[in-house]
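J.: Dropping a structure here in structure tokens format, bear with me for questions.
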Amino acid sequence: MTTQSLLFPTDLRQAWPRPSAPRPIVVIGAGSIVRDAHLPVYQRLGFPVAGIFDVNPHASRDKADVFAIARVFQSLDEAAATPGAIFDVAIPPENIAAVLERLSVGSAVLIQKPMGRDLADARRIIAICRERRLVAAVNFQLRFAPNMLALHDALARGILGDMLDVEVRLNLHTPWNYWAFLKGVPRLEVLLHSIHYLDLIRSILGEPRGVYCRAVRHPAMPDYPDVRTSIILDYGDFIRCSLTMNHTHTFGPRFAMSQLKLEGTLGAAIAKMGVNLNYPQGEPDTLEMARTDSEWSAVPLRGSWFLDAFEGPMSNLQRFVAGEDPKLVSSVEDAIRTMAVVEACYESSVSGATPIESIN
């Protein structure tokens with residue numbers, strides 16, 4: 001049997017370096033993602049949290065009590081006045097721009113994805129960031145998941161060769177009702193979920209030439225818009241790139257799927273995003289790779305998308321501000337390009353397919 005050590009390096013990168021002297025973090029927003037991901041990760045890494053603010057003071061106090069945060073700010077302006085802080089803005093997309101306008105000139109900020117409700121919002125956000133000289137990144141944390149960092153490292157080393165085929169396949173049940181605020185939103189699946197994969201694919205293949213997309217509803221979920229999506233990204237004549245997303249599979253786990261597949265000229269890789277399966281319990285992430293005509297080999301992973309991926313965006317932002325990282329990975333200047341792809345998906349879905357000529 002072929003072993004992993006014979007075919008693939010055992011030192012593929014799976015974690016982002018920590019800042020040598022982390023700055024205090026001010027958290028703006030006290031919702032479930034802050035409770036379940038941001039604050040547990042900051043606590044585990046020893047990142048200091050200077051305080052927290054939410055328009056619901058009970059939510060702020062609750063998170064402060066659970067995570068031993070010393071200060072609950074009484075207003076946004078009080079939070080924004082914290083000197084030397086890194087701001088973690090984890091609020092609904094329609095409120096992002098108004099908060100950024102209140103931050104001090106030159107502030108560093110990590111913005112919860114998506115970058116607004118649509119491309120128009122994203123343009124407003126980036127204009128504010130430029131005008132106020134904000135050092136701003138968007139929390140596209142899938143890029144920083146251990147299996148995705150390892151995959152990026154393998155690609156950088158040329159282990160899989162030139163990319164020929166990229167495919168994301170989801171066939172599972174997502175309980176959208178867990179998030180009451182999603183009911184009635186005009187855009188759902190692509191904007192709030194597939195955006196992660198579109199952003200990841202951009203980081204692998206670069207900018208697509210265009211998209212073909214059809215996003216559809218489900219009769220059992222009349223209060224929700226797009227819950228199933230098919231997307232093709234155009235990368236020319238030699239790369240096939242597709243995303244097939246079904247969030248309404250209610251027929252048990254046997255054929256449930258949540259994976260990214262890459263095939264190159266020298267090898268292939270399949271990564272599982274386990275958090276999507278049996279949500280919210282989830283399953284561990286995996287990464288397997290193969291050379292041509294070889295057996296598949298599992299890459300041992302240090303963790304999963306949820307929670308370990310949340311280490312990366314804040315670490316990268318902190319290190320970039322300190323001059324320890326040369327690049328801000330998910331800067332607003334990059335993230336708006338992902339928003340442009342999302343916008344194109346929705347435009348394509350509305351414009352419809354090429355009509356088929358009637359044959360008499």
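Residue numbers start at 1 in each chain; chains themselves are named A, B, ... in the order of the structure tokens; ligands are numbered from 1 in the order shown.
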Report as a VMD selection string: the residues of stretch 42-213 of chain A with a DSSP assignment of strand (DSSP E or B), based on the backbone of this structure.
T.: chain A and resid 49 to 53 72 86 to 89 108 to 111 135 to 138 163 to 171 173 210 to 213
J.: So that I have them on file, write out the residues from the current selection with N, CA and C atoms, as an mmCIF file, in the first residue's frame.
T.:
data_model
loop_
_atom_site.group_PDB
_atom_site.id
_atom_site.type_symbol
_atom_site.label_atom_id
_atom_site.label_comp_id
_atom_site.auth_asym_id
_atom_site.auth_seq_id
_atom_site.Cartn_x
_atom_site.Cartn_y
_atom_site.Cartn_z
ATOM 1 N N VAL A 49 -8.882 40.757 24.864
ATOM 2 C CA VAL A 49 -10.109 41.421 24.433
ATOM 3 C C VAL A 49 -10.360 42.584 25.390
ATOM 4 N N ALA A 50 -10.238 43.798 24.865
ATOM 5 C CA ALA A 50 -10.345 44.986 25.707
ATOM 6 C C ALA A 50 -11.774 45.300 26.102
ATOM 7 N N GLY A 51 -12.737 44.889 25.270
ATOM 8 C CA GLY A 51 -14.121 45.174 25.583
ATOM 9 C C GLY A 51 -15.034 44.740 24.466
ATOM 10 N N ILE A 52 -16.337 44.856 24.713
ATOM 11 C CA ILE A 52 -17.337 44.411 23.753
ATOM 12 C C ILE A 52 -18.510 45.382 23.765
ATOM 13 N N PHE A 53 -19.107 45.580 22.587
ATOM 14 C CA PHE A 53 -20.299 46.429 22.471
ATOM 15 C C PHE A 53 -21.307 45.763 21.554
ATOM 16 N N VAL A 72 -17.693 46.332 29.211
ATOM 17 C CA VAL A 72 -18.827 46.386 28.297
ATOM 18 C C VAL A 72 -19.063 47.859 27.956
ATOM 19 N N ILE A 86 -7.526 46.643 17.820
ATOM 20 C CA ILE A 86 -7.966 46.012 16.580
ATOM 21 C C ILE A 86 -9.468 45.779 16.735
ATOM 22 N N PHE A 87 -10.264 46.234 15.768
ATOM 23 C CA PHE A 87 -11.707 46.120 15.885
ATOM 24 C C PHE A 87 -12.204 44.881 15.143
ATOM 25 N N ASP A 88 -13.001 44.086 15.842
ATOM 26 C CA ASP A 88 -13.636 42.903 15.262
ATOM 27 C C ASP A 88 -15.113 43.235 15.106
ATOM 28 N N VAL A 89 -15.514 43.570 13.874
ATOM 29 C CA VAL A 89 -16.882 44.012 13.604
ATOM 30 C C VAL A 89 -17.682 42.823 13.099
ATOM 31 N N ALA A 108 -7.504 49.583 12.479
ATOM 32 C CA ALA A 108 -7.435 48.244 11.895
ATOM 33 C C ALA A 108 -8.704 47.492 12.267
ATOM 34 N N VAL A 109 -9.324 46.834 11.276
ATOM 35 C CA VAL A 109 -10.627 46.230 11.514
ATOM 36 C C VAL A 109 -10.790 44.940 10.734
ATOM 37 N N LEU A 110 -11.352 43.933 11.406
ATOM 38 C CA LEU A 110 -11.738 42.678 10.769
ATOM 39 C C LEU A 110 -13.257 42.686 10.654
ATOM 40 N N ILE A 111 -13.764 42.578 9.415
ATOM 41 C CA ILE A 111 -15.191 42.715 9.133
ATOM 42 C C ILE A 111 -15.787 41.336 8.867
ATOM 43 N N VAL A 135 -7.230 49.925 7.865
ATOM 44 C CA VAL A 135 -6.567 48.665 7.516
ATOM 45 C C VAL A 135 -7.618 47.586 7.729
ATOM 46 N N ALA A 136 -8.279 47.178 6.661
ATOM 47 C CA ALA A 136 -9.503 46.393 6.795
ATOM 48 C C ALA A 136 -9.422 45.077 6.036
ATOM 49 N N ALA A 137 -9.835 44.015 6.712
ATOM 50 C CA ALA A 137 -9.930 42.685 6.112
ATOM 51 C C ALA A 137 -11.319 42.133 6.363
ATOM 52 N N VAL A 138 -11.746 41.210 5.506
ATOM 53 C CA VAL A 138 -13.033 40.542 5.653
ATOM 54 C C VAL A 138 -12.783 39.115 6.132
ATOM 55 N N MET A 163 -3.778 23.114 -12.308
ATOM 56 C CA MET A 163 -5.179 22.782 -12.051
ATOM 57 C C MET A 163 -5.951 22.559 -13.354
ATOM 58 N N LEU A 164 -6.761 21.502 -13.337
ATOM 59 C CA LEU A 164 -7.615 21.173 -14.469
ATOM 60 C C LEU A 164 -9.086 21.110 -14.088
ATOM 61 N N ASP A 165 -9.376 20.770 -12.827
ATOM 62 C CA ASP A 165 -10.754 20.522 -12.432
ATOM 63 C C ASP A 165 -10.936 20.904 -10.972
ATOM 64 N N VAL A 166 -11.910 21.774 -10.696
ATOM 65 C CA VAL A 166 -12.243 22.184 -9.327
ATOM 66 C C VAL A 166 -13.745 22.052 -9.164
ATOM 67 N N GLU A 167 -14.135 21.358 -8.112
ATOM 68 C CA GLU A 167 -15.563 21.096 -7.922
ATOM 69 C C GLU A 167 -15.908 21.148 -6.437
ATOM 70 N N VAL A 168 -16.968 21.859 -6.110
ATOM 71 C CA VAL A 168 -17.537 21.853 -4.763
ATOM 72 C C VAL A 168 -18.894 21.173 -4.846
ATOM 73 N N ARG A 169 -19.115 20.200 -3.950
ATOM 74 C CA ARG A 169 -20.392 19.490 -3.935
ATOM 75 C C ARG A 169 -20.932 19.446 -2.514
ATOM 76 N N LEU A 170 -22.135 19.981 -2.324
ATOM 77 C CA LEU A 170 -22.849 19.891 -1.063
ATOM 78 C C LEU A 170 -24.187 19.219 -1.302
ATOM 79 N N ASN A 171 -24.453 18.174 -0.547
ATOM 80 C CA ASN A 171 -25.746 17.507 -0.573
ATOM 81 C C ASN A 171 -26.079 17.164 0.871
ATOM 82 N N HIS A 173 -28.535 18.704 4.667
ATOM 83 C CA HIS A 173 -29.636 19.504 5.205
ATOM 84 C C HIS A 173 -29.071 20.606 6.080
ATOM 85 N N GLY A 210 -16.196 34.745 -16.023
ATOM 86 C CA GLY A 210 -17.628 34.952 -15.917
ATOM 87 C C GLY A 210 -18.257 33.802 -15.164
ATOM 88 N N VAL A 211 -19.583 33.862 -14.966
ATOM 89 C CA VAL A 211 -20.280 32.810 -14.240
ATOM 90 C C VAL A 211 -21.574 32.447 -14.952
ATOM 91 N N TYR A 212 -21.978 31.197 -14.733
ATOM 92 C CA TYR A 212 -23.305 30.725 -15.070
ATOM 93 C C TYR A 212 -23.909 30.242 -13.754
ATOM 94 N N CYS A 213 -25.111 30.683 -13.449
ATOM 95 C CA CYS A 213 -25.677 30.345 -12.150
ATOM 96 C C CYS A 213 -27.187 30.197 -12.240
#
J.: Compare A:Val299, A:Ala15, A:Ile159, A:Leu103 by their minimum atom-to-atom distance to A:Thr286, counting only C-alpha atoms, and give me the closest one.
T.: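 Residue with the minimum atom-to-atom distance to A:Thr286: A:Val299.
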J.: Output as a Markdown table one row per residue of stretch 135-203 of chain A within 12 Å of stretch 260-281 of chain A: the closest atom pair and its distance in Å to one decimal place, counting only C-alpha atoms, sorted by chain and residue number ascending.
T.:
| residue | atom | partner | partner_atom | distance |
| --- | --- | --- | --- | --- |
| A:Leu142 | CA | A:Met273 | CA | 9.3 |
| A:Arg143 | CA | A:Met273 | CA | 11.9 |
| A:Ala145 | CA | A:Met273 | CA | 9.3 |
| A:Pro146 | CA | A:Ala271 | CA | 10.3 |
| A:Asn147 | CA | A:Ala271 | CA | 6.7 |
| A:Met148 | CA | A:Ala271 | CA | 7.7 |
| A:Leu149 | CA | A:Ala271 | CA | 11.1 |
| A:Ala150 | CA | A:Ala271 | CA | 10.1 |
| A:Leu151 | CA | A:Ala269 | CA | 7.9 |
| A:His152 | CA | A:Ala269 | CA | 11.0 |
| A:Ala154 | CA | A:Ala269 | CA | 9.6 |
| A:Leu155 | CA | A:Gly264 | CA | 9.5 |
| A:Arg157 | CA | A:Leu266 | CA | 11.8 |
| A:Gly158 | CA | A:Leu266 | CA | 8.4 |
| A:Ile159 | CA | A:Leu266 | CA | 6.8 |
| A:Leu160 | CA | A:Gly267 | CA | 4.3 |
| A:Gly161 | CA | A:Leu266 | CA | 4.7 |
| A:Asp162 | CA | A:Gly264 | CA | 5.1 |
| A:Met163 | CA | A:Gly264 | CA | 4.3 |
| A:Leu164 | CA | A:Gly264 | CA | 5.1 |
| A:Asp165 | CA | A:Glu263 | CA | 5.0 |
| A:Val166 | CA | A:Leu262 | CA | 4.7 |
| A:Glu167 | CA | A:Lys261 | CA | 5.1 |
| A:Val168 | CA | A:Leu260 | CA | 4.5 |
| A:Arg169 | CA | A:Leu260 | CA | 6.6 |
| A:Leu170 | CA | A:Asn276 | CA | 8.5 |
| A:Asn171 | CA | A:Leu277 | CA | 9.1 |
| A:Leu172 | CA | A:Leu277 | CA | 6.6 |
| A:His173 | CA | A:Asn278 | CA | 7.5 |
| A:Thr174 | CA | A:Tyr279 | CA | 6.8 |
| A:Pro175 | CA | A:Tyr279 | CA | 7.5 |
| A:Trp176 | CA | A:Tyr279 | CA | 10.3 |
| A:Asn177 | CA | A:Tyr279 | CA | 12.0 |
| A:Tyr178 | CA | A:Pro280 | CA | 9.5 |
| A:Trp179 | CA | A:Pro280 | CA | 12.0 |
| A:His193 | CA | A:Asn276 | CA | 10.3 |
| A:Ser194 | CA | A:Asn276 | CA | 11.8 |
| A:His196 | CA | A:Met273 | CA | 11.3 |
| A:Tyr197 | CA | A:Leu260 | CA | 8.6 |
| A:Leu198 | CA | A:Leu260 | CA | 11.4 |
| A:Leu200 | CA | A:Leu260 | CA | 10.1 |
| A:Ile201 | CA | A:Leu260 | CA | 9.7 |
J.: For a test of reading the model, state the distance in Å between atom CA of A:Ser60 and atom CA of A:Gly29, rounded to one decimal.
T.: 7.8 Å
J.: Contacts of A:Ser348 at 12 Å or less, counting only C-alpha atoms, minus same-chain residues fewer than 6 places along, as a compact mmCIF listing (two decimals) with N, CA, C and O atoms, in the first residue's frame?
T.:
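File selection17.txt, as written:
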# COMPACT_ATOMS: atom_id res chain seq x y z
N GLY A 210 -16.20 34.75 -16.02
CA GLY A 210 -17.63 34.95 -15.92
C GLY A 210 -18.26 33.80 -15.16
O GLY A 210 -17.58 32.85 -14.75
N VAL A 211 -19.58 33.86 -14.97
CA VAL A 211 -20.28 32.81 -14.24
C VAL A 211 -21.57 32.45 -14.95
O VAL A 211 -22.17 33.25 -15.67
N TYR A 212 -21.98 31.20 -14.73
CA TYR A 212 -23.31 30.72 -15.07
C TYR A 212 -23.91 30.24 -13.75
O TYR A 212 -23.27 29.48 -13.03
N CYS A 213 -25.11 30.68 -13.45
CA CYS A 213 -25.68 30.34 -12.15
C CYS A 213 -27.19 30.20 -12.24
O CYS A 213 -27.85 30.92 -12.98
N ARG A 214 -27.72 29.26 -11.46
CA ARG A 214 -29.16 29.17 -11.24
C ARG A 214 -29.38 28.84 -9.77
O ARG A 214 -28.93 27.79 -9.29
N ALA A 215 -30.03 29.75 -9.07
CA ALA A 215 -30.35 29.56 -7.67
C ALA A 215 -31.85 29.39 -7.54
O ALA A 215 -32.63 30.17 -8.11
N THR A 229 -28.30 25.77 -5.27
CA THR A 229 -27.61 26.57 -6.29
C THR A 229 -26.71 25.70 -7.15
O THR A 229 -26.04 24.79 -6.64
N SER A 230 -26.68 26.01 -8.44
CA SER A 230 -25.70 25.43 -9.37
C SER A 230 -24.91 26.56 -10.00
O SER A 230 -25.51 27.51 -10.53
N ILE A 231 -23.59 26.47 -9.95
CA ILE A 231 -22.72 27.54 -10.45
C ILE A 231 -21.62 26.93 -11.29
O ILE A 231 -21.04 25.90 -10.92
N ILE A 232 -21.34 27.54 -12.41
CA ILE A 232 -20.16 27.23 -13.21
C ILE A 232 -19.33 28.50 -13.32
O ILE A 232 -19.86 29.56 -13.69
N LEU A 233 -18.06 28.42 -12.98
CA LEU A 233 -17.14 29.54 -13.15
C LEU A 233 -16.31 29.30 -14.40
O LEU A 233 -15.77 28.21 -14.60
N VAL A 341 -18.19 38.47 -7.81
CA VAL A 341 -18.57 37.15 -8.32
C VAL A 341 -19.96 36.78 -7.81
O VAL A 341 -20.80 36.26 -8.55
N VAL A 342 -20.22 37.05 -6.52
CA VAL A 342 -21.55 36.78 -5.95
C VAL A 342 -22.62 37.55 -6.71
O VAL A 342 -23.67 37.01 -7.07
N THR A 354 -30.02 30.02 -21.83
CA THR A 354 -30.17 30.24 -23.27
C THR A 354 -31.40 29.51 -23.77
O THR A 354 -31.51 28.29 -23.58
